[in-house]
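Trainee: Handing you this structure, nothing more for now.
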Amino acid sequence: MKIFVSRDAAARSVGADAVATAIADQARAAGIDLTLVRTGSRGMLWLEPLVEVETASGRVAYGPVQAADVASLFAAGFVAGAAHPLGHGLTEQMPWMARQQRLSFARVGVIDPLSLDDYRAHGGCAGLARARTLSADALLQQIVDSGLRGRGGAGFPAGIKWRTVAHAPGPRKYIVCNADEGDSGTFADRMLIEGDPYALIEGMLIAGLAVGASRGVVYLRSEYPQAIATLRSALARARHDGLLGGEFDIDLRIGAGAYICGEETSLLESVEGRRGQVRAKPPLPAHRGLFGRPTVVNNVLTLAAVPWILQHGAQAYADFGMGRSRGSMPVQLAGNIRHGGLFECAFGMTLRELVEDIGGGTLSGRPLRAVQVGGPLGAYFPDSLLDTPLDYEAMAAAGGLLGHAGIVVFDDTVDLAKQARFAFEFCALESCGKCTPCRIGSTRGAETLDKVIKGIEPERHIELVRDLCMVMTDASLCALGGLTPIPVLSALEHFREDFGPRAAI
Ligand SMILES: Cc1cc2nc3c(=O)[nH]c(=O)nc-3n(C[C@H](O)[C@H](O)[C@H](O)COP(=O)(O)O)c2cc1C
Ligand code: SF4
C-alpha cells in the first residue's frame with residue numbers, strides 16, 4: 001500500500017509535512033502497513049497538500065488535505081481509494097492533468113525525486129543511453145531537429161548554441177545551467193529541480209557529450225533552500241552511483257538573489273567570484289564564456305527537455321507545437337487566479353484557454369483586466385489580446401514576449417499606471433549600473449510617471465516617458481534596460497485611461 005505526499009516547497013508551505021506525519025501516525029495506530037512516498041508536486045497548487053493513494057486502476061487524489069482531515073480520510077477508507085469530500089478520483093483523469101502534454105514534467109509528482117531506481121523505472125537515463133550510441137554530430141543534429149529553443153527567455157535555438165560550442169576550439173568547455181529563475185510568477189525551474197533533479201543532471205550529461213565538455217555548473221538562487229537541498233543530495237547520489245564523477249561532473253553554485261545574475265554574462269561573472277555585472281557581447285559565451293572557455297548556458301527547462309528528446313526522438317518532440325515553437329512549454333499560472341500552478345502543454349494554446357478554462361479566471365471572482373506574460377519585462381495584455389497563442393513569434397507580434405512562460409493575472413482593481421511605474425522602479429533596483437540608459441533612465445522614468453500619476457502635465461510627461469523608452473530600448477547594453485519599456489508601453493497602449501485624472505485622484 002503506497003501513499004504519496006508532495007515534498008515540494010509550495011506543498012510544504014501549506015502543511016504537507018504535518019499531513020505526512022499525521023498519515024504515518026494514524027496508520028501506525030490502526031496497524032496499517034503502508035509506504036509513504038514524498039514526491040514532487042503535480043502542479044495543482046490550489047489542491048496542495050495533495051495526497052494520492054495507489055490503487056489497481058491508478059492513483060486517486062485527495063486535496064487540499066490538512067492534518068486535521070487525516071482521521072476522516074482513514075475512516076472513509078481512503079487507503080483503498082474510497083470516496084471522500086476531498087476526493088477527486090483518478091489523478092490522471094482530473095481535467096487539469098488530462099489536458100496536459102507532460103513531457104519534461106512526466107515524472108514530477110510521480111516518483112521519489114531522490115531515488116535513482118524510481119528514476120530509471122520511469123524512463124530515466126534512457127535518453128543518455130541513446131545519446132551514448134550516437135556520434136557528437138548526430139547528437140547535435142537531434143537537438144537541432146527537435147526545434148528545441150531556450151526556455152529561459154530569449155528562445156534561442158538550443159541546437160545552434162550547442163553546435164557553436166562544439167565547434168569552438170579549446171581543450172576545456174563548460175555546461176552552465178541557469179537556475180536563477182528571477183521572473184515574477186515563475187516557479188517551473190524550482191519544481192523541476194525539487195521533483196525530478198536527475199532529469200536536469202541527465203540533460204547536462206547529454207549536453208556535455210554533445211559539445212565535448214566534462215564539467216557543468218548549476219547556478220541556483222539562494223531563495224530556493226528546498227531545491228538546493230534536493231539538488232545537493234541528487235548530485236551526491238549520482239556521484240555515488242557513478243552517473244557523475246567520471247566523464248562529467250557538476251558543481252552547484254548558489255546566487256545571492258540579484259535579478260541581473262539571471263542574465264547569462266552576469267551569471268558567469270558571479271560564478272567566477274565577481275560582482276554580477278553584464279559583459280559586453282561579443283564575445284558570446286558560446287565562444288568565450290566561463291573562465292574564458294566556450295560555454296553552453298541554458299535554462300533548467302531547456303536542459304530538462306533533452307532526455308525526452310533523445311529517448312523518444314527529435315521528430316516526436318517536434319510533432320508538438322506550432323510554427324517555430326516546437327515541443328511543450330511548462331506554463332506557470334500565477335497572481336489573481338483561481339487554479340494556479342504548473343501546466344505543461346504543447347505550444348499553440350491561447351492565453352484565454354490557459355487563464356479562463358484551465359486557470360478558472362480570477363481568484364477574487366472580479367472581472368479579469370490584465371495578464372502580464374513573461375516576467376517583469378513582459379507586456380500587460382488586455383482581454384482583447386487573450387486569444388494570442390502561446391508561441392514565441394505570436395507573442396512578439398502582439399507586442400510582448402513569452403519569456404519563461406509565467407502568466408500573472410490581475411483583476412479590475414489593478415492600476416496599470418502604478419504597474420508601469422513599478423517596471424521602472426524594478427529596473428532601477430535591479431540594474432547592474434553598467435550603462436546609462438538603464439541606470440539613470442529607470443529612475444527618471446519612475447519620477448516622470450510619478451508626475452503623471454499626480455496629474456502634473458500628464459500629456460507632456462507621457463511623451464517624455466515614450467521618448468525615454470525609445471532611448472532605453474535602443475541604447476541599453478542588455479535586455480533588463482532594453483525590455484523595461486515593454487511593460488510600460490503596453491500599459492500605456494492598452495490601459496491609457498489609468499494614466500489620467502483617475503490616477504490623479
Ligand atoms: C535581466 C535578465 C534576467 C534573466 N534571468 C534569467 C533567469 O533567471 N533564468 C534564465 O534561464 N534565463 C534568464 N535570462 C536569460 C539568459 O540571459 C540566457 O538567455 C539564458 O539563460 C539562456 O538559456 P536558454 O537559451 O536555455 O533560455 C535573463 C536575461 C536577462 C536580460
Ligand atoms: S541595461 Fe541595465 S542591467 Fe543591463 S548592462 Fe545596462 S545597466 Fe546593466
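Residues in the C-alpha cells are named by chain (A, B, ... in the order shown) and by number from 1 within that chain; ligands are numbered from 1 in the order shown.
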Enumerate residues in contact with ligand 2: an atom-to-atom distance of at most 8 Å, counting only C-alpha atoms and all ligand atoms. Format the result as a count of residues only.
Mentor: 24
Trainee: Give me the residues of chain A that have any atom at most 7 Å from an atom of ligand 1; for each, the nearest atom pair and the distance in Å, rounded to one decimal. Use only C-alpha atoms and all ligand atoms, sort by chain and number, and format it as a Markdown table.
Mentor:
| residue | atom | partner | partner_atom_place_in_ligand_line | distance |
| --- | --- | --- | --- | --- |
| A:Arg149 | CA | ligand 1 | 25 (O) | 6.5 |
| A:Gly150 | CA | ligand 1 | 25 (O) | 3.3 |
| A:Arg151 | CA | ligand 1 | 27 (O) | 4.2 |
| A:Gly152 | CA | ligand 1 | 27 (O) | 3.2 |
| A:Gly153 | CA | ligand 1 | 27 (O) | 5.1 |
| A:Ala154 | CA | ligand 1 | 19 (O) | 5.4 |
| A:Gly155 | CA | ligand 1 | 27 (O) | 5.7 |
| A:Phe156 | CA | ligand 1 | 25 (O) | 5.2 |
| A:Pro157 | CA | ligand 1 | 25 (O) | 7.0 |
| A:Ala158 | CA | ligand 1 | 25 (O) | 6.1 |
| A:Asn178 | CA | ligand 1 | 11 (O) | 4.6 |
| A:Ala179 | CA | ligand 1 | 9 (N) | 5.7 |
| A:Asp180 | CA | ligand 1 | 8 (O) | 4.2 |
| A:Glu181 | CA | ligand 1 | 8 (O) | 3.5 |
| A:Gly182 | CA | ligand 1 | 8 (O) | 4.3 |
| A:Asp183 | CA | ligand 1 | 8 (O) | 6.1 |
| A:Tyr259 | CA | ligand 1 | 3 (C) | 5.8 |
| A:Ile260 | CA | ligand 1 | 1 (C) | 4.6 |
| A:Cys261 | CA | ligand 1 | 3 (C) | 6.7 |
| A:Gly262 | CA | ligand 1 | 5 (N) | 3.3 |
| A:Glu263 | CA | ligand 1 | 17 (O) | 3.5 |
| A:Glu264 | CA | ligand 1 | 17 (O) | 3.9 |
| A:Thr265 | CA | ligand 1 | 17 (O) | 6.9 |
| A:Val297 | CA | ligand 1 | 23 (O) | 5.3 |
| A:Asn298 | CA | ligand 1 | 26 (O) | 3.3 |
| A:Asn299 | CA | ligand 1 | 11 (O) | 3.8 |
| A:Val300 | CA | ligand 1 | 11 (O) | 6.6 |
| A:Thr302 | CA | ligand 1 | 26 (O) | 4.8 |
| A:Cys478 | CA | ligand 1 | 31 (C) | 5.6 |
| A:Ala479 | CA | ligand 1 | 31 (C) | 4.1 |
| A:Leu480 | CA | ligand 1 | 1 (C) | 4.2 |
Trainee: What does the file look like for those residues with N, CA and C atoms, as a PDB file, in the first residue's frame?
Mentor:
ATOM      1  N   ARG A 149      14.014  25.296 -28.344  1.00  0.00           N
ATOM      2  CA  ARG A 149      14.520  26.664 -28.160  1.00  0.00           C
ATOM      3  C   ARG A 149      14.664  26.944 -26.671  1.00  0.00           C
ATOM      4  N   GLY A 150      15.550  27.873 -26.346  1.00  0.00           N
ATOM      5  CA  GLY A 150      15.853  28.172 -24.942  1.00  0.00           C
ATOM      6  C   GLY A 150      14.603  28.589 -24.188  1.00  0.00           C
ATOM      7  N   ARG A 151      14.395  27.969 -23.040  1.00  0.00           N
ATOM      8  CA  ARG A 151      13.199  28.246 -22.240  1.00  0.00           C
ATOM      9  C   ARG A 151      13.432  29.339 -21.200  1.00  0.00           C
ATOM     10  N   GLY A 152      14.637  29.930 -21.185  1.00  0.00           N
ATOM     11  CA  GLY A 152      14.940  30.936 -20.165  1.00  0.00           C
ATOM     12  C   GLY A 152      14.429  32.318 -20.497  1.00  0.00           C
ATOM     13  N   GLY A 153      14.094  32.563 -21.756  1.00  0.00           N
ATOM     14  CA  GLY A 153      13.589  33.884 -22.089  1.00  0.00           C
ATOM     15  C   GLY A 153      13.702  34.230 -23.554  1.00  0.00           C
ATOM     16  N   ALA A 154      14.904  34.117 -24.105  1.00  0.00           N
ATOM     17  CA  ALA A 154      15.118  34.627 -25.457  1.00  0.00           C
ATOM     18  C   ALA A 154      14.680  33.655 -26.549  1.00  0.00           C
ATOM     19  N   GLY A 155      14.504  32.381 -26.222  1.00  0.00           N
ATOM     20  CA  GLY A 155      14.033  31.413 -27.212  1.00  0.00           C
ATOM     21  C   GLY A 155      15.034  31.096 -28.297  1.00  0.00           C
ATOM     22  N   PHE A 156      16.329  31.213 -27.981  1.00  0.00           N
ATOM     23  CA  PHE A 156      17.364  30.923 -28.983  1.00  0.00           C
ATOM     24  C   PHE A 156      17.456  29.404 -29.208  1.00  0.00           C
ATOM     25  N   PRO A 157      17.589  28.955 -30.477  1.00  0.00           N
ATOM     26  CA  PRO A 157      17.646  27.505 -30.741  1.00  0.00           C
ATOM     27  C   PRO A 157      18.802  26.826 -29.999  1.00  0.00           C
ATOM     28  N   ALA A 158      18.464  25.825 -29.197  1.00  0.00           N
ATOM     29  CA  ALA A 158      19.480  25.170 -28.371  1.00  0.00           C
ATOM     30  C   ALA A 158      20.516  24.455 -29.234  1.00  0.00           C
ATOM     31  N   ASN A 178      21.331  27.639 -16.004  1.00  0.00           N
ATOM     32  CA  ASN A 178      20.802  28.853 -15.394  1.00  0.00           C
ATOM     33  C   ASN A 178      19.531  28.516 -14.616  1.00  0.00           C
ATOM     34  N   ALA A 179      19.678  28.438 -13.294  1.00  0.00           N
ATOM     35  CA  ALA A 179      18.528  28.138 -12.430  1.00  0.00           C
ATOM     36  C   ALA A 179      18.275  29.328 -11.510  1.00  0.00           C
ATOM     37  N   ASP A 180      18.511  30.541 -12.047  1.00  0.00           N
ATOM     38  CA  ASP A 180      18.356  31.728 -11.206  1.00  0.00           C
ATOM     39  C   ASP A 180      16.878  32.118 -11.077  1.00  0.00           C
ATOM     40  N   GLU A 181      16.089  31.754 -12.031  1.00  0.00           N
ATOM     41  CA  GLU A 181      14.621  31.924 -12.037  1.00  0.00           C
ATOM     42  C   GLU A 181      14.138  33.171 -11.284  1.00  0.00           C
ATOM     43  N   GLY A 182      14.484  34.322 -11.855  1.00  0.00           N
ATOM     44  CA  GLY A 182      14.119  35.568 -11.189  1.00  0.00           C
ATOM     45  C   GLY A 182      12.787  36.161 -11.630  1.00  0.00           C
ATOM     46  N   ASP A 183      12.199  35.653 -12.722  1.00  0.00           N
ATOM     47  CA  ASP A 183      10.971  36.283 -13.222  1.00  0.00           C
ATOM     48  C   ASP A 183       9.817  36.153 -12.239  1.00  0.00           C
ATOM     49  N   TYR A 259      18.422  39.938  -9.599  1.00  0.00           N
ATOM     50  CA  TYR A 259      17.736  39.594 -10.847  1.00  0.00           C
ATOM     51  C   TYR A 259      18.724  39.551 -12.011  1.00  0.00           C
ATOM     52  N   ILE A 260      19.658  40.483 -12.016  1.00  0.00           N
ATOM     53  CA  ILE A 260      20.577  40.582 -13.150  1.00  0.00           C
ATOM     54  C   ILE A 260      21.502  39.362 -13.231  1.00  0.00           C
ATOM     55  N   CYS A 261      21.659  38.639 -12.130  1.00  0.00           N
ATOM     56  CA  CYS A 261      22.515  37.439 -12.183  1.00  0.00           C
ATOM     57  C   CYS A 261      21.866  36.304 -12.959  1.00  0.00           C
ATOM     58  N   GLY A 262      20.600  36.486 -13.391  1.00  0.00           N
ATOM     59  CA  GLY A 262      19.993  35.529 -14.313  1.00  0.00           C
ATOM     60  C   GLY A 262      20.410  35.803 -15.749  1.00  0.00           C
ATOM     61  N   GLU A 263      20.873  37.013 -16.021  1.00  0.00           N
ATOM     62  CA  GLU A 263      21.396  37.317 -17.366  1.00  0.00           C
ATOM     63  C   GLU A 263      22.714  36.562 -17.497  1.00  0.00           C
ATOM     64  N   GLU A 264      22.890  35.887 -18.640  1.00  0.00           N
ATOM     65  CA  GLU A 264      23.943  34.873 -18.700  1.00  0.00           C
ATOM     66  C   GLU A 264      25.360  35.380 -18.446  1.00  0.00           C
ATOM     67  N   THR A 265      25.688  36.595 -18.906  1.00  0.00           N
ATOM     68  CA  THR A 265      27.076  37.040 -18.704  1.00  0.00           C
ATOM     69  C   THR A 265      27.300  37.500 -17.257  1.00  0.00           C
ATOM     70  N   VAL A 297      25.253  28.047 -22.040  1.00  0.00           N
ATOM     71  CA  VAL A 297      24.410  28.487 -20.914  1.00  0.00           C
ATOM     72  C   VAL A 297      22.972  28.198 -21.316  1.00  0.00           C
ATOM     73  N   ASN A 298      22.318  27.335 -20.564  1.00  0.00           N
ATOM     74  CA  ASN A 298      20.923  27.001 -20.840  1.00  0.00           C
ATOM     75  C   ASN A 298      20.098  27.025 -19.563  1.00  0.00           C
ATOM     76  N   ASN A 299      18.848  27.325 -19.754  1.00  0.00           N
ATOM     77  CA  ASN A 299      17.884  27.301 -18.656  1.00  0.00           C
ATOM     78  C   ASN A 299      17.626  25.840 -18.204  1.00  0.00           C
ATOM     79  N   VAL A 300      17.137  25.705 -16.976  1.00  0.00           N
ATOM     80  CA  VAL A 300      16.792  24.381 -16.430  1.00  0.00           C
ATOM     81  C   VAL A 300      15.844  23.626 -17.368  1.00  0.00           C
ATOM     82  N   THR A 302      15.238  24.001 -20.572  1.00  0.00           N
ATOM     83  CA  THR A 302      15.854  23.631 -21.843  1.00  0.00           C
ATOM     84  C   THR A 302      16.602  22.315 -21.660  1.00  0.00           C
ATOM     85  N   CYS A 478      21.982  45.513 -22.166  1.00  0.00           N
ATOM     86  CA  CYS A 478      21.341  44.189 -22.082  1.00  0.00           C
ATOM     87  C   CYS A 478      19.830  44.351 -22.000  1.00  0.00           C
ATOM     88  N   ALA A 479      19.155  43.197 -21.933  1.00  0.00           N
ATOM     89  CA  ALA A 479      17.692  43.202 -22.027  1.00  0.00           C
ATOM     90  C   ALA A 479      17.003  43.735 -20.771  1.00  0.00           C
ATOM     91  N   LEU A 480      17.705  43.917 -19.657  1.00  0.00           N
ATOM     92  CA  LEU A 480      16.997  44.485 -18.499  1.00  0.00           C
ATOM     93  C   LEU A 480      16.569  45.915 -18.820  1.00  0.00           C
TER      94      LEU A 480
END
Trainee: Taking only residues of stretch 126-225 of chain A that have an atom at most 8 Å from an atom of stretch 34-51 of chain A, what is each one's shortest atom pair and its distance in Å to one decimal, using only C-alpha atoms, in chain and number order, as a tab-separated table?
Mentor:
residue	atom	partner	partner_atom	distance
A:Met191	CA	A:Gly40	CA	7.1
A:Glu194	CA	A:Gly40	CA	6.1
A:Gly195	CA	A:Gly40	CA	3.8
A:Asp196	CA	A:Gly40	CA	7.3
Trainee: Atoms to include: all heavy atoms. Write the selected residues as a compact mmCIF listing (two decimals), in the first residue's frame.
Mentor:
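What follows is the written file part_36.txt:
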# COMPACT_ATOMS: atom_id res chain seq x y z
N MET A 191 10.32 23.73 -9.38
CA MET A 191 9.52 22.50 -9.27
C MET A 191 10.20 21.32 -9.95
O MET A 191 10.12 20.19 -9.47
CB MET A 191 8.14 22.72 -9.90
CG MET A 191 7.22 23.48 -8.98
SD MET A 191 5.54 23.59 -9.65
CE MET A 191 5.12 21.88 -9.77
N GLU A 194 13.10 20.26 -7.67
CA GLU A 194 12.61 19.60 -6.45
C GLU A 194 11.91 18.28 -6.77
O GLU A 194 11.86 17.38 -5.93
CB GLU A 194 11.65 20.53 -5.70
CG GLU A 194 12.35 21.72 -5.09
CD GLU A 194 11.41 22.63 -4.31
OE1 GLU A 194 10.24 22.29 -4.12
OE2 GLU A 194 11.87 23.72 -3.90
N GLY A 195 11.35 18.16 -7.98
CA GLY A 195 10.54 16.98 -8.29
C GLY A 195 11.22 15.93 -9.15
O GLY A 195 10.81 14.77 -9.15
N ASP A 196 12.26 16.33 -9.91
CA ASP A 196 12.92 15.37 -10.81
C ASP A 196 14.34 15.84 -11.13
O ASP A 196 14.68 16.07 -12.29
CB ASP A 196 12.10 15.23 -12.11
CG ASP A 196 12.51 14.01 -12.93
OD1 ASP A 196 13.26 13.16 -12.41
OD2 ASP A 196 12.07 13.92 -14.10
Trainee: So which one's closest to A:Ile453, A:Phe499, A:Phe105, A:Phe291, A:Phe426? Using only C-alpha atoms, please.
Mentor: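 Closest to A:Ile453 of all the choices is A:Phe499.
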Trainee: Just checking: using only C-alpha atoms, which residue out of A:Ala129, A:Val465, A:Val306, A:Val217 ends up closest to A:Glu447?
Mentor: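 Closest candidate: A:Val465.
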